[in-house]
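Participant: Got target-v4.csv for you, CSV, C-alpha atoms:
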```
chain,number,residue,atom,x,y,z
P,1,MET,CA,-3.8,-38.8,-10.6
P,2,LEU,CA,-6.2,-36.3,-12.1
P,3,SER,CA,-9.9,-36.2,-12.1
P,4,GLN,CA,-12.0,-34.4,-14.6
P,5,GLU,CA,-14.8,-32.0,-13.7
P,6,VAL,CA,-17.0,-30.1,-16.0
P,7,THR,CA,-17.2,-26.3,-15.5
P,8,SER,CA,-20.3,-24.4,-16.0
P,9,SER,CA,-19.2,-23.5,-19.5
P,10,GLY,CA,-18.9,-27.1,-20.4
P,11,ASP,CA,-15.1,-27.1,-20.6
P,12,MET,CA,-13.3,-29.9,-19.0
P,13,MET,CA,-11.0,-28.7,-16.1
P,14,GLU,CA,-8.7,-31.0,-14.4
P,15,SER,CA,-8.3,-30.9,-10.6
P,16,VAL,CA,-5.7,-32.8,-8.7
P,17,ALA,CA,-7.6,-35.5,-7.0
P,18,ASN,CA,-5.7,-35.8,-3.8
P,19,GLU,CA,-5.1,-32.0,-3.2
P,20,ALA,CA,-7.0,-30.3,-0.5
P,21,LEU,CA,-7.1,-26.7,0.6
P,22,ILE,CA,-8.1,-25.3,3.9
P,23,VAL,CA,-8.9,-21.5,3.8
P,24,LEU,CA,-8.9,-19.7,7.1
P,25,GLY,CA,-10.3,-16.4,8.1
P,26,CYS,CA,-9.3,-13.9,10.8
P,27,PRO,CA,-7.9,-15.9,13.8
P,28,GLU,CA,-9.9,-14.0,16.5
P,29,VAL,CA,-12.4,-16.9,17.1
P,30,PRO,CA,-10.8,-19.8,19.0
P,31,VAL,CA,-12.6,-22.7,17.4
P,32,GLN,CA,-11.1,-21.9,14.0
P,33,GLN,CA,-7.6,-23.0,14.9
P,34,ALA,CA,-8.8,-26.1,16.7
P,35,LEU,CA,-10.9,-27.3,13.9
P,36,ALA,CA,-8.4,-26.3,11.2
P,37,LEU,CA,-5.8,-28.6,12.9
P,38,TYR,CA,-8.4,-31.3,13.4
P,39,ALA,CA,-9.4,-31.1,9.7
P,40,ALA,CA,-5.7,-31.1,8.7
P,41,ASP,CA,-5.1,-34.2,10.7
P,42,ARG,CA,-8.0,-36.0,9.1
P,43,LEU,CA,-7.2,-34.9,5.6
P,44,ASN,CA,-3.5,-35.9,6.0
P,45,ASP,CA,-4.7,-39.3,7.2
P,46,GLU,CA,-6.8,-39.7,4.1
P,47,GLY,CA,-3.8,-39.1,1.9
P,48,TYR,CA,-4.6,-35.6,0.8
P,49,THR,CA,-1.8,-33.2,-0.1
P,50,LEU,CA,-2.8,-30.4,2.1
P,51,THR,CA,-2.3,-26.6,1.9
P,52,ILE,CA,-3.6,-24.1,4.4
P,53,ALA,CA,-4.3,-20.6,3.3
P,54,GLY,CA,-4.7,-17.6,5.5
P,55,ASN,CA,-3.5,-14.1,6.3
P,56,PRO,CA,0.0,-13.6,7.8
P,57,SER,CA,-1.5,-13.6,11.4
P,58,VAL,CA,-3.2,-16.9,11.1
P,59,LEU,CA,-0.3,-18.6,9.3
P,60,ASN,CA,2.0,-17.4,12.1
P,61,LEU,CA,-0.3,-18.9,14.7
P,62,LEU,CA,-0.2,-22.2,12.9
P,63,ARG,CA,3.5,-22.2,12.7
P,64,ILE,CA,3.9,-21.6,16.4
P,65,SER,CA,1.2,-24.1,17.2
P,66,ASP,CA,2.7,-26.9,15.2
P,67,PRO,CA,6.5,-26.5,15.2
P,68,LYS,CA,7.1,-30.2,14.3
P,69,LYS,CA,4.6,-29.8,11.4
P,70,MET,CA,2.5,-32.7,12.6
P,71,TYR,CA,-0.6,-31.3,11.0
P,72,ILE,CA,0.4,-28.4,8.8
P,73,ARG,CA,2.2,-29.0,5.5
P,74,GLU,CA,2.2,-26.3,3.0
P,75,LEU,CA,1.1,-22.8,4.0
P,76,VAL,CA,0.2,-20.1,1.5
P,77,GLU,CA,-0.9,-16.5,2.0
P,78,LEU,CA,-4.5,-15.9,1.2
P,79,GLU,CA,-4.0,-13.4,-1.5
P,80,LYS,CA,-1.5,-15.6,-3.3
P,81,CYS,CA,-3.9,-18.5,-3.0
P,82,ILE,CA,-6.7,-16.5,-4.6
P,83,ASP,CA,-4.4,-15.5,-7.4
P,84,GLU,CA,-3.4,-19.1,-7.9
P,85,LEU,CA,-7.0,-20.3,-8.0
P,86,SER,CA,-7.8,-17.5,-10.5
P,87,GLN,CA,-5.1,-18.6,-12.8
P,88,GLU,CA,-5.9,-22.3,-12.3
P,89,ILE,CA,-2.3,-22.8,-11.0
P,90,ARG,CA,-3.8,-24.3,-7.9
P,91,ARG,CA,-6.5,-26.9,-8.7
P,92,PRO,CA,-7.5,-28.7,-5.5
P,93,ALA,CA,-10.2,-31.4,-5.4
P,94,LEU,CA,-11.6,-30.1,-2.1
P,95,ILE,CA,-11.7,-26.8,-0.3
P,96,ILE,CA,-12.8,-26.3,3.3
P,97,ALA,CA,-13.4,-22.6,4.1
P,98,PHE,CA,-13.7,-21.2,7.6
P,99,ILE,CA,-16.0,-18.1,8.0
P,100,HIS,CA,-17.0,-16.0,11.0
P,101,ASN,CA,-17.4,-12.5,9.6
P,102,ASP,CA,-18.6,-10.6,6.5
P,103,ALA,CA,-15.2,-10.6,4.9
P,104,GLY,CA,-15.3,-14.4,5.1
P,105,ILE,CA,-18.6,-14.4,3.1
P,106,SER,CA,-16.8,-12.3,0.4
P,107,TYR,CA,-13.9,-14.8,0.3
P,108,ALA,CA,-16.1,-17.8,0.2
P,109,SER,CA,-18.1,-16.3,-2.6
P,110,THR,CA,-14.9,-15.5,-4.4
P,111,ILE,CA,-13.7,-19.1,-4.0
P,112,ARG,CA,-17.0,-20.5,-5.2
P,113,PHE,CA,-16.8,-18.4,-8.3
P,114,LEU,CA,-13.2,-19.5,-9.0
P,115,PHE,CA,-13.4,-23.1,-8.0
P,116,PRO,CA,-15.8,-25.6,-9.5
P,117,GLY,CA,-15.0,-28.5,-7.2
P,118,ARG,CA,-16.3,-29.6,-3.8
P,119,LEU,CA,-16.5,-26.6,-1.4
P,120,VAL,CA,-17.3,-27.2,2.3
P,121,VAL,CA,-18.0,-23.9,4.1
P,122,MET,CA,-17.9,-23.8,7.9
P,123,ILE,CA,-19.6,-20.8,9.4
P,124,PHE,CA,-19.1,-20.2,13.1
P,125,GLY,CA,-18.8,-17.4,15.7
P,126,ARG,CA,-21.5,-15.3,17.4
P,127,ASN,CA,-23.0,-14.1,14.1
P,128,ALA,CA,-23.1,-17.5,12.4
P,129,GLU,CA,-26.8,-17.5,11.7
P,130,ALA,CA,-26.8,-14.1,10.0
P,131,LEU,CA,-23.8,-14.9,8.0
P,132,ALA,CA,-25.2,-18.2,6.8
P,133,ALA,CA,-28.2,-16.2,5.5
P,134,ASP,CA,-25.9,-14.0,3.6
P,135,LEU,CA,-24.0,-16.8,1.9
P,136,ASP,CA,-25.6,-17.6,-1.4
P,137,CYS,CA,-23.5,-20.2,-3.2
P,138,SER,CA,-23.6,-23.9,-3.7
P,139,CYS,CA,-21.5,-25.7,-1.1
P,140,ASP,CA,-21.7,-28.2,1.8
P,141,LEU,CA,-22.7,-25.8,4.5
P,142,ILE,CA,-21.9,-26.3,8.2
P,143,MET,CA,-23.2,-23.7,10.6
P,144,GLU,CA,-22.9,-23.4,14.4
P,145,VAL,CA,-22.9,-20.5,16.7
P,146,ALA,CA,-19.6,-21.6,18.3
P,147,VAL,CA,-16.9,-19.4,19.6
P,148,HIS,CA,-14.7,-21.4,22.0
P,149,ASN,CA,-16.4,-24.8,22.0
P,150,PRO,CA,-15.7,-26.8,18.8
P,151,GLY,CA,-17.6,-29.9,19.7
P,152,LYS,CA,-20.8,-29.4,17.7
P,153,LEU,CA,-18.8,-28.1,14.7
P,154,ARG,CA,-16.5,-31.1,14.8
P,155,ARG,CA,-19.5,-33.4,14.8
P,156,LYS,CA,-21.1,-31.7,11.9
P,157,LEU,CA,-17.8,-31.7,10.0
P,158,ASN,CA,-17.4,-35.4,10.6
P,159,GLN,CA,-20.9,-36.0,9.2
P,160,VAL,CA,-20.3,-33.9,6.1
P,161,MET,CA,-16.9,-35.4,5.4
P,162,GLY,CA,-17.9,-39.0,6.3
P,163,TRP,CA,-15.4,-39.2,9.1
P,164,GLU,CA,-16.0,-41.5,12.0
P,165,LYS,CA,-15.8,-40.1,15.5
P,166,ARG,CA,-12.4,-40.5,17.2
J,1,MET,CA,-0.8,-0.3,-13.0
J,2,SER,CA,0.6,-0.3,-9.5
J,3,CYS,CA,-0.6,-1.8,-6.2
J,4,VAL,CA,-3.3,0.3,-4.4
J,5,GLU,CA,-1.0,0.6,-1.4
J,6,ASN,CA,1.7,2.2,-3.6
J,7,LEU,CA,-0.7,4.5,-5.3
J,8,GLY,CA,-2.2,5.9,-2.2
J,9,TYR,CA,-5.8,5.8,-1.4
J,10,GLU,CA,-8.6,7.6,0.5
J,11,VAL,CA,-11.0,5.6,2.7
J,12,ILE,CA,-14.6,6.3,1.9
J,13,LEU,CA,-16.1,3.6,4.1
J,14,GLU,CA,-14.4,1.3,6.6
J,15,TYR,CA,-15.4,-1.9,8.4
J,16,THR,CA,-18.3,-2.2,6.1
J,17,SER,CA,-20.0,-5.2,4.4
J,18,PHE,CA,-19.9,-6.3,0.8
J,19,ARG,CA,-23.6,-5.4,0.6
J,20,GLU,CA,-23.2,-1.9,2.0
J,21,SER,CA,-20.3,-1.2,-0.2
J,22,ARG,CA,-22.2,-2.2,-3.3
J,23,GLU,CA,-25.3,-0.2,-2.2
J,24,TYR,CA,-23.1,2.9,-1.5
J,25,ILE,CA,-21.6,2.8,-5.0
J,26,GLU,CA,-25.0,2.3,-6.7
J,27,LYS,CA,-26.5,5.2,-4.7
J,28,ASN,CA,-23.7,7.7,-4.9
J,29,TYR,CA,-22.0,7.3,-8.3
J,30,THR,CA,-23.2,7.4,-11.9
J,31,GLU,CA,-20.4,5.8,-13.8
J,32,ILE,CA,-20.7,2.3,-12.3
J,33,TYR,CA,-19.1,-0.9,-13.4
J,34,TYR,CA,-19.3,-4.5,-12.4
J,35,VAL,CA,-16.7,-7.2,-12.3
J,36,ASP,CA,-16.5,-10.8,-11.1
J,37,PRO,CA,-14.4,-12.1,-8.2
J,38,GLY,CA,-10.8,-12.6,-9.3
J,39,PHE,CA,-10.8,-9.6,-11.5
J,40,LEU,CA,-7.2,-8.2,-11.3
J,41,LEU,CA,-7.1,-4.5,-10.5
J,42,PHE,CA,-4.2,-2.6,-8.9
J,43,GLU,CA,-2.3,-5.9,-8.7
J,44,LYS,CA,-4.9,-7.4,-6.4
J,45,ARG,CA,-7.7,-10.0,-7.2
J,46,MET,CA,-11.1,-8.5,-6.4
J,47,ILE,CA,-12.7,-10.3,-3.6
J,48,GLY,CA,-16.5,-10.2,-3.1
J,49,VAL,CA,-19.9,-11.5,-3.8
J,50,PRO,CA,-20.6,-11.2,-7.5
J,51,PRO,CA,-21.3,-8.9,-9.1
J,52,ILE,CA,-18.7,-6.6,-7.5
J,53,ALA,CA,-19.5,-2.9,-8.0
J,54,LEU,CA,-16.8,-0.4,-8.9
J,55,ALA,CA,-17.2,3.3,-9.9
J,56,ILE,CA,-15.3,5.9,-11.8
J,57,GLU,CA,-15.2,9.4,-10.6
J,58,GLY,CA,-14.1,12.0,-13.1
J,59,GLU,CA,-11.3,11.0,-15.4
J,60,ASP,CA,-8.7,9.8,-12.9
J,61,THR,CA,-10.4,8.1,-9.9
J,62,VAL,CA,-11.5,4.6,-9.2
J,63,ILE,CA,-13.8,3.7,-6.4
J,64,LEU,CA,-13.4,0.1,-5.3
J,65,PRO,CA,-14.1,-2.2,-2.4
J,66,TYR,CA,-11.1,-3.8,-0.7
J,67,THR,CA,-11.6,-6.7,1.7
J,68,LYS,CA,-9.3,-7.9,4.4
J,69,PRO,CA,-10.1,-11.0,6.5
J,70,CYS,CA,-9.8,-9.3,9.9
J,71,PHE,CA,-11.1,-5.9,9.0
J,72,GLY,CA,-14.0,-6.4,6.7
J,73,THR,CA,-14.5,-4.4,3.5
J,74,TYR,CA,-13.2,-0.9,2.9
J,75,LEU,CA,-14.4,1.3,0.1
J,76,LEU,CA,-11.5,3.1,-1.4
J,77,ARG,CA,-10.9,6.1,-3.7
J,78,VAL,CA,-7.8,5.6,-5.8
J,79,GLN,CA,-6.4,8.2,-8.2
J,80,ASP,CA,-4.9,6.5,-11.2
J,81,GLU,CA,-5.7,7.3,-14.8
J,82,GLU,CA,-4.4,3.9,-15.9
J,83,GLY,CA,-6.7,2.2,-13.5
J,84,VAL,CA,-9.6,4.2,-14.9
J,85,ALA,CA,-8.8,3.2,-18.4
J,86,TYR,CA,-8.4,-0.4,-17.5
J,87,VAL,CA,-11.8,-0.5,-15.7
J,88,ARG,CA,-13.5,1.2,-18.6
J,89,ALA,CA,-12.0,-1.3,-21.1
J,90,ASN,CA,-12.5,-4.5,-19.1
J,91,ALA,CA,-15.4,-4.2,-16.7
J,92,ARG,CA,-19.1,-4.3,-17.7
J,93,ARG,CA,-21.7,-1.7,-17.1
J,94,LYS,CA,-24.5,-4.1,-16.1
J,95,PRO,CA,-24.4,-6.6,-13.2
```
Hey, can you dump this file as structure tokens for me?
Facilitator:
Amino acid sequence: MLSQEVTSSGDMMESVANEALIVLGCPEVPVQQALALYAADRLNDEGYTLTIAGNPSVLNLLRISDPKKMYIRELVELEKCIDELSQEIRRPALIIAFIHNDAGISYASTIRFLFPGRLVVMIFGRNAEALAADLDCSCDLIMEVAVHNPGKLRRKLNQVMGWEKR
Amino acid sequence: MSCVENLGYEVILEYTSFRESREYIEKNYTEIYYVDPGFLLFEKRMIGVPPIALAIEGEDTVILPYTKPCFGTYLLRVQDEEGVAYVRANARRKP
């Protein structure tokens, strides 16, 4: 089933209504993996066809964390994912991007430029407040200075996504 | 036009930010160009906060930012005449 969205140029672009993409950054901050798997579980339950994008390190961590693929489905390297978004080969209805450093701001800004649909940006880590000030794009923004405790971030994600607490 | 890793490169700035990279280019180069995220150069999609600044040095060198998730943004110097021609033909002079 396709939904139609109007781009800024006024052209109609079709996204795939039940496709979701989680974009992960460098895996050095512990909350990222916890919340990525949590979000994956929720999105899977909602019937999304889910892909997770990241660099080879983070994808390897996911594979080792979830050998039975209870949460992860399709994985794609970040550069390939950006290329696919650029060419509109990949047209999700929802992207959740995880950011904890300056490179993440660059990637989120790139994704916002390439993707007209719903973008949820989660900013975390010790520099979350400064990074949030650097991010200048339209999105559902979640920010918490969280490094190893994902509780507050999970609560905020639940609120933004309309997920009830489990 | 080959991948930057195959062409060889020199690191001008490392572990920098997108803002510092742009400011460095605008301060230190005269032939400056701007592109949008997703611009394909040296087989890679440009990553960054738009407008992304690039520069040309002489007739055979491209100065460009290169972002990796775990390492931040690098500013690279890449010698490639084809790349220079491509940037001059496809990038814009104003932000």
Participant: Report, in Å to a single decimal, how far apart CA of Ile99 (chain P) and CA of Pro56 (chain P) are.
Facilitator: 16.6 Å
Participant: What's the 7 Å shell around region 57-68 of chain P, counting all atoms listed in the file, without same-chain residues fewer than 4 positions away, as a list in words?
Facilitator: Cys26, Pro27, Ile72 and Leu75 of chain P
Participant: Can I get the selected residues back with C-alpha atoms, as a PDB file, in the coordinates of the input?
Facilitator:
```
ATOM      1  CA  CYS P  26      -9.300 -13.900  10.800  1.00  0.00           C
ATOM      2  CA  PRO P  27      -7.900 -15.900  13.800  1.00  0.00           C
ATOM      3  CA  ILE P  72       0.400 -28.400   8.800  1.00  0.00           C
ATOM      4  CA  LEU P  75       1.100 -22.800   4.000  1.00  0.00           C
TER       5      LEU P  75
END
```
Participant: Listing only residues of chain P within 12 Å of chain J, what is the closest atom pair and its distance in Å (to one decimal) for each, using all atoms listed in the file, sorted by chain and residue number ascending, as JSON lines?
Facilitator:
```
{"residue": "P:Val23", "atom": "CA", "partner": "J:Pro69", "partner_atom": "CA", "distance": 10.9}
{"residue": "P:Leu24", "atom": "CA", "partner": "J:Pro69", "partner_atom": "CA", "distance": 8.8}
{"residue": "P:Gly25", "atom": "CA", "partner": "J:Pro69", "partner_atom": "CA", "distance": 5.6}
{"residue": "P:Cys26", "atom": "CA", "partner": "J:Cys70", "partner_atom": "CA", "distance": 4.7}
{"residue": "P:Pro27", "atom": "CA", "partner": "J:Cys70", "partner_atom": "CA", "distance": 7.9}
{"residue": "P:Glu28", "atom": "CA", "partner": "J:Cys70", "partner_atom": "CA", "distance": 8.1}
{"residue": "P:Val29", "atom": "CA", "partner": "J:Cys70", "partner_atom": "CA", "distance": 10.8}
{"residue": "P:Ala53", "atom": "CA", "partner": "J:Pro69", "partner_atom": "CA", "distance": 11.7}
{"residue": "P:Gly54", "atom": "CA", "partner": "J:Pro69", "partner_atom": "CA", "distance": 8.6}
{"residue": "P:Asn55", "atom": "CA", "partner": "J:Pro69", "partner_atom": "CA", "distance": 7.3}
{"residue": "P:Pro56", "atom": "CA", "partner": "J:Pro69", "partner_atom": "CA", "distance": 10.5}
{"residue": "P:Ser57", "atom": "CA", "partner": "J:Cys70", "partner_atom": "CA", "distance": 9.5}
{"residue": "P:Val58", "atom": "CA", "partner": "J:Cys70", "partner_atom": "CA", "distance": 10.1}
{"residue": "P:Glu77", "atom": "CA", "partner": "J:Pro69", "partner_atom": "CA", "distance": 11.6}
{"residue": "P:Leu78", "atom": "CA", "partner": "J:Pro69", "partner_atom": "CA", "distance": 9.1}
{"residue": "P:Glu79", "atom": "CA", "partner": "J:Arg45", "partner_atom": "CA", "distance": 7.6}
{"residue": "P:Lys80", "atom": "CA", "partner": "J:Arg45", "partner_atom": "CA", "distance": 9.2}
{"residue": "P:Cys81", "atom": "CA", "partner": "J:Arg45", "partner_atom": "CA", "distance": 10.2}
{"residue": "P:Ile82", "atom": "CA", "partner": "J:Arg45", "partner_atom": "CA", "distance": 7.1}
{"residue": "P:Asp83", "atom": "CA", "partner": "J:Arg45", "partner_atom": "CA", "distance": 6.4}
{"residue": "P:Glu84", "atom": "CA", "partner": "J:Gly38", "partner_atom": "CA", "distance": 9.9}
{"residue": "P:Leu85", "atom": "CA", "partner": "J:Gly38", "partner_atom": "CA", "distance": 8.7}
{"residue": "P:Ser86", "atom": "CA", "partner": "J:Gly38", "partner_atom": "CA", "distance": 5.9}
{"residue": "P:Gln87", "atom": "CA", "partner": "J:Gly38", "partner_atom": "CA", "distance": 9.0}
{"residue": "P:Glu88", "atom": "CA", "partner": "J:Gly38", "partner_atom": "CA", "distance": 11.3}
{"residue": "P:Phe98", "atom": "CA", "partner": "J:Pro69", "partner_atom": "CA", "distance": 10.9}
{"residue": "P:Ile99", "atom": "CA", "partner": "J:Pro69", "partner_atom": "CA", "distance": 9.4}
{"residue": "P:His100", "atom": "CA", "partner": "J:Pro69", "partner_atom": "CA", "distance": 9.6}
{"residue": "P:Asn101", "atom": "CA", "partner": "J:Gly72", "partner_atom": "CA", "distance": 7.6}
{"residue": "P:Asp102", "atom": "CA", "partner": "J:Ser17", "partner_atom": "CA", "distance": 6.0}
{"residue": "P:Ala103", "atom": "CA", "partner": "J:Gly72", "partner_atom": "CA", "distance": 4.7}
{"residue": "P:Gly104", "atom": "CA", "partner": "J:Pro69", "partner_atom": "CA", "distance": 6.4}
{"residue": "P:Ile105", "atom": "CA", "partner": "J:Val49", "partner_atom": "CA", "distance": 7.6}
{"residue": "P:Ser106", "atom": "CA", "partner": "J:Gly48", "partner_atom": "CA", "distance": 4.1}
{"residue": "P:Tyr107", "atom": "CA", "partner": "J:Ile47", "partner_atom": "CA", "distance": 6.1}
{"residue": "P:Ala108", "atom": "CA", "partner": "J:Gly48", "partner_atom": "CA", "distance": 8.3}
{"residue": "P:Ser109", "atom": "CA", "partner": "J:Val49", "partner_atom": "CA", "distance": 5.3}
{"residue": "P:Thr110", "atom": "CA", "partner": "J:Pro37", "partner_atom": "CA", "distance": 5.1}
{"residue": "P:Ile111", "atom": "CA", "partner": "J:Pro37", "partner_atom": "CA", "distance": 8.2}
{"residue": "P:Arg112", "atom": "CA", "partner": "J:Pro37", "partner_atom": "CA", "distance": 9.3}
{"residue": "P:Phe113", "atom": "CA", "partner": "J:Pro37", "partner_atom": "CA", "distance": 6.7}
{"residue": "P:Leu114", "atom": "CA", "partner": "J:Gly38", "partner_atom": "CA", "distance": 7.3}
{"residue": "P:Phe115", "atom": "CA", "partner": "J:Gly38", "partner_atom": "CA", "distance": 10.9}
{"residue": "P:Leu131", "atom": "CA", "partner": "J:Ser17", "partner_atom": "CA", "distance": 11.0}
{"residue": "P:Asp134", "atom": "CA", "partner": "J:Arg19", "partner_atom": "CA", "distance": 9.4}
{"residue": "P:Leu135", "atom": "CA", "partner": "J:Val49", "partner_atom": "CA", "distance": 8.8}
{"residue": "P:Asp136", "atom": "CA", "partner": "J:Val49", "partner_atom": "CA", "distance": 8.7}
{"residue": "P:Cys137", "atom": "CA", "partner": "J:Val49", "partner_atom": "CA", "distance": 9.4}
```
Participant: Can you tell me which residues surround region 144-156 of chain P at a distance of at most 8 Å, considering all atoms listed in the file, apart from same-chain residues fewer than 3 positions away, and format the answer as a list in words?
Facilitator: Val29, Pro30, Val31, Ala34, Leu35, Ile123, Phe124, Gly125, Arg126, Asn127, Ala128, Glu129, Gln159, Val160 and Lys165 of chain P
Participant: To one decimal place in Å, what is the distance between CA of Ala39 (chain P) and CA of Asn158 (chain P)?
Facilitator: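 For CA of Ala39 (chain P) relative to CA of Asn158 (chain P), the distance reads 9.1 Å.
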Participant: Using all atoms listed in the file, find all polymer residues with an atom at most 10 Å away from the point (-12.9, -4.0, -15.5); report them as a PyMOL selection string.
Facilitator: chain J and resi 33-36+39-41+54+83-93
Participant: Could you write out that same residue set with C-alpha atoms as a short mmCIF file (atom, residue, chain, number, x, y, z; two decimals), keeping the file's coordinate frame?
Facilitator:
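What ended up in again.cif:
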```cif
data_model
loop_
_atom_site.label_atom_id
_atom_site.label_comp_id
_atom_site.auth_asym_id
_atom_site.auth_seq_id
_atom_site.Cartn_x
_atom_site.Cartn_y
_atom_site.Cartn_z
CA TYR J 33 -19.10 -0.90 -13.40
CA TYR J 34 -19.30 -4.50 -12.40
CA VAL J 35 -16.70 -7.20 -12.30
CA ASP J 36 -16.50 -10.80 -11.10
CA PHE J 39 -10.80 -9.60 -11.50
CA LEU J 40 -7.20 -8.20 -11.30
CA LEU J 41 -7.10 -4.50 -10.50
CA LEU J 54 -16.80 -0.40 -8.90
CA GLY J 83 -6.70 2.20 -13.50
CA VAL J 84 -9.60 4.20 -14.90
CA ALA J 85 -8.80 3.20 -18.40
CA TYR J 86 -8.40 -0.40 -17.50
CA VAL J 87 -11.80 -0.50 -15.70
CA ARG J 88 -13.50 1.20 -18.60
CA ALA J 89 -12.00 -1.30 -21.10
CA ASN J 90 -12.50 -4.50 -19.10
CA ALA J 91 -15.40 -4.20 -16.70
CA ARG J 92 -19.10 -4.30 -17.70
CA ARG J 93 -21.70 -1.70 -17.10
#
```
Participant: Between CA of Cys139 (chain P) and CA of Arg91 (chain P), what distance in Å does the model show, to one decimal?
Facilitator: 16.9 Å
Participant: Fewer than 6 positions away in the same chain doesn't count, so skip those; otherwise give me all residues within 10 Å of Ala55 (chain J), counting only C-alpha atoms, as an NGL selection string.
Facilitator: :J and (22 or 25-26 or 28-34 or 61-65 or 77 or 84 or 87-88 or 93)
Participant: Convert the current residue selection to file output with C-alpha atoms, as a PDB file, keeping the file's coordinate frame.
Facilitator:
```pdb
ATOM      1  CA  ARG J  22     -22.200  -2.200  -3.300  1.00  0.00           C
ATOM      2  CA  ILE J  25     -21.600   2.800  -5.000  1.00  0.00           C
ATOM      3  CA  GLU J  26     -25.000   2.300  -6.700  1.00  0.00           C
ATOM      4  CA  ASN J  28     -23.700   7.700  -4.900  1.00  0.00           C
ATOM      5  CA  TYR J  29     -22.000   7.300  -8.300  1.00  0.00           C
ATOM      6  CA  THR J  30     -23.200   7.400 -11.900  1.00  0.00           C
ATOM      7  CA  GLU J  31     -20.400   5.800 -13.800  1.00  0.00           C
ATOM      8  CA  ILE J  32     -20.700   2.300 -12.300  1.00  0.00           C
ATOM      9  CA  TYR J  33     -19.100  -0.900 -13.400  1.00  0.00           C
ATOM     10  CA  TYR J  34     -19.300  -4.500 -12.400  1.00  0.00           C
ATOM     11  CA  THR J  61     -10.400   8.100  -9.900  1.00  0.00           C
ATOM     12  CA  VAL J  62     -11.500   4.600  -9.200  1.00  0.00           C
ATOM     13  CA  ILE J  63     -13.800   3.700  -6.400  1.00  0.00           C
ATOM     14  CA  LEU J  64     -13.400   0.100  -5.300  1.00  0.00           C
ATOM     15  CA  PRO J  65     -14.100  -2.200  -2.400  1.00  0.00           C
ATOM     16  CA  ARG J  77     -10.900   6.100  -3.700  1.00  0.00           C
ATOM     17  CA  VAL J  84      -9.600   4.200 -14.900  1.00  0.00           C
ATOM     18  CA  VAL J  87     -11.800  -0.500 -15.700  1.00  0.00           C
ATOM     19  CA  ARG J  88     -13.500   1.200 -18.600  1.00  0.00           C
ATOM     20  CA  ARG J  93     -21.700  -1.700 -17.100  1.00  0.00           C
TER      21      ARG J  93
END
```
Participant: Name the closest residue to Arg73 (chain P) among the candidates P:Leu119, P:Ile52, P:Ile142, P:Ala133; distances are taken between atoms, counting all atoms listed in the file.
Facilitator: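 Nearest to Arg73 (chain P): P:Ile52.
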Participant: Please complete region 43-55 of chain J with N, CA and C atoms and give it back as a JSON list (two decimals), keeping the file's coordinate frame.
Facilitator:
```json
[["chain", "number", "residue", "atom", "x", "y", "z"],
["J", 43, "GLU", "N", -3.07, -4.77, -9.10],
["J", 43, "GLU", "CA", -2.30, -5.90, -8.70],
["J", 43, "GLU", "C", -2.94, -6.80, -7.64],
["J", 44, "LYS", "N", -4.22, -6.62, -7.42],
["J", 44, "LYS", "CA", -4.90, -7.40, -6.40],
["J", 44, "LYS", "C", -6.14, -8.08, -7.14],
["J", 45, "ARG", "N", -6.45, -9.31, -6.74],
["J", 45, "ARG", "CA", -7.70, -10.00, -7.20],
["J", 45, "ARG", "C", -8.83, -9.43, -6.43],
["J", 46, "MET", "N", -9.87, -9.02, -7.12],
["J", 46, "MET", "CA", -11.10, -8.50, -6.40],
["J", 46, "MET", "C", -11.74, -9.64, -5.68],
["J", 47, "ILE", "N", -12.08, -9.32, -4.45],
["J", 47, "ILE", "CA", -12.70, -10.30, -3.60],
["J", 47, "ILE", "C", -14.16, -9.79, -3.34],
["J", 48, "GLY", "N", -15.14, -10.67, -3.42],
["J", 48, "GLY", "CA", -16.50, -10.20, -3.10],
["J", 48, "GLY", "C", -17.55, -11.16, -3.63],
["J", 49, "VAL", "N", -18.77, -10.82, -3.28],
["J", 49, "VAL", "CA", -19.90, -11.50, -3.80],
["J", 49, "VAL", "C", -20.27, -10.94, -5.14],
["J", 50, "PRO", "N", -20.34, -11.78, -6.16],
["J", 50, "PRO", "CA", -20.60, -11.20, -7.50],
["J", 50, "PRO", "C", -22.04, -10.74, -7.67],
["J", 51, "PRO", "N", -22.28, -9.69, -8.42],
["J", 51, "PRO", "CA", -21.30, -8.90, -9.10],
["J", 51, "PRO", "C", -20.70, -7.80, -8.23],
["J", 52, "ILE", "N", -19.42, -7.58, -8.34],
["J", 52, "ILE", "CA", -18.70, -6.60, -7.50],
["J", 52, "ILE", "C", -18.82, -5.24, -8.18],
["J", 53, "ALA", "N", -19.32, -4.27, -7.45],
["J", 53, "ALA", "CA", -19.50, -2.90, -8.00],
["J", 53, "ALA", "C", -18.26, -2.08, -7.84],
["J", 54, "LEU", "N", -17.91, -1.37, -8.92],
["J", 54, "LEU", "CA", -16.80, -0.40, -8.90],
["J", 54, "LEU", "C", -17.44, 0.92, -9.46],
["J", 55, "ALA", "N", -16.74, 2.03, -9.29],
["J", 55, "ALA", "CA", -17.20, 3.30, -9.90],
["J", 55, "ALA", "C", -16.00, 4.06, -10.41]]
```
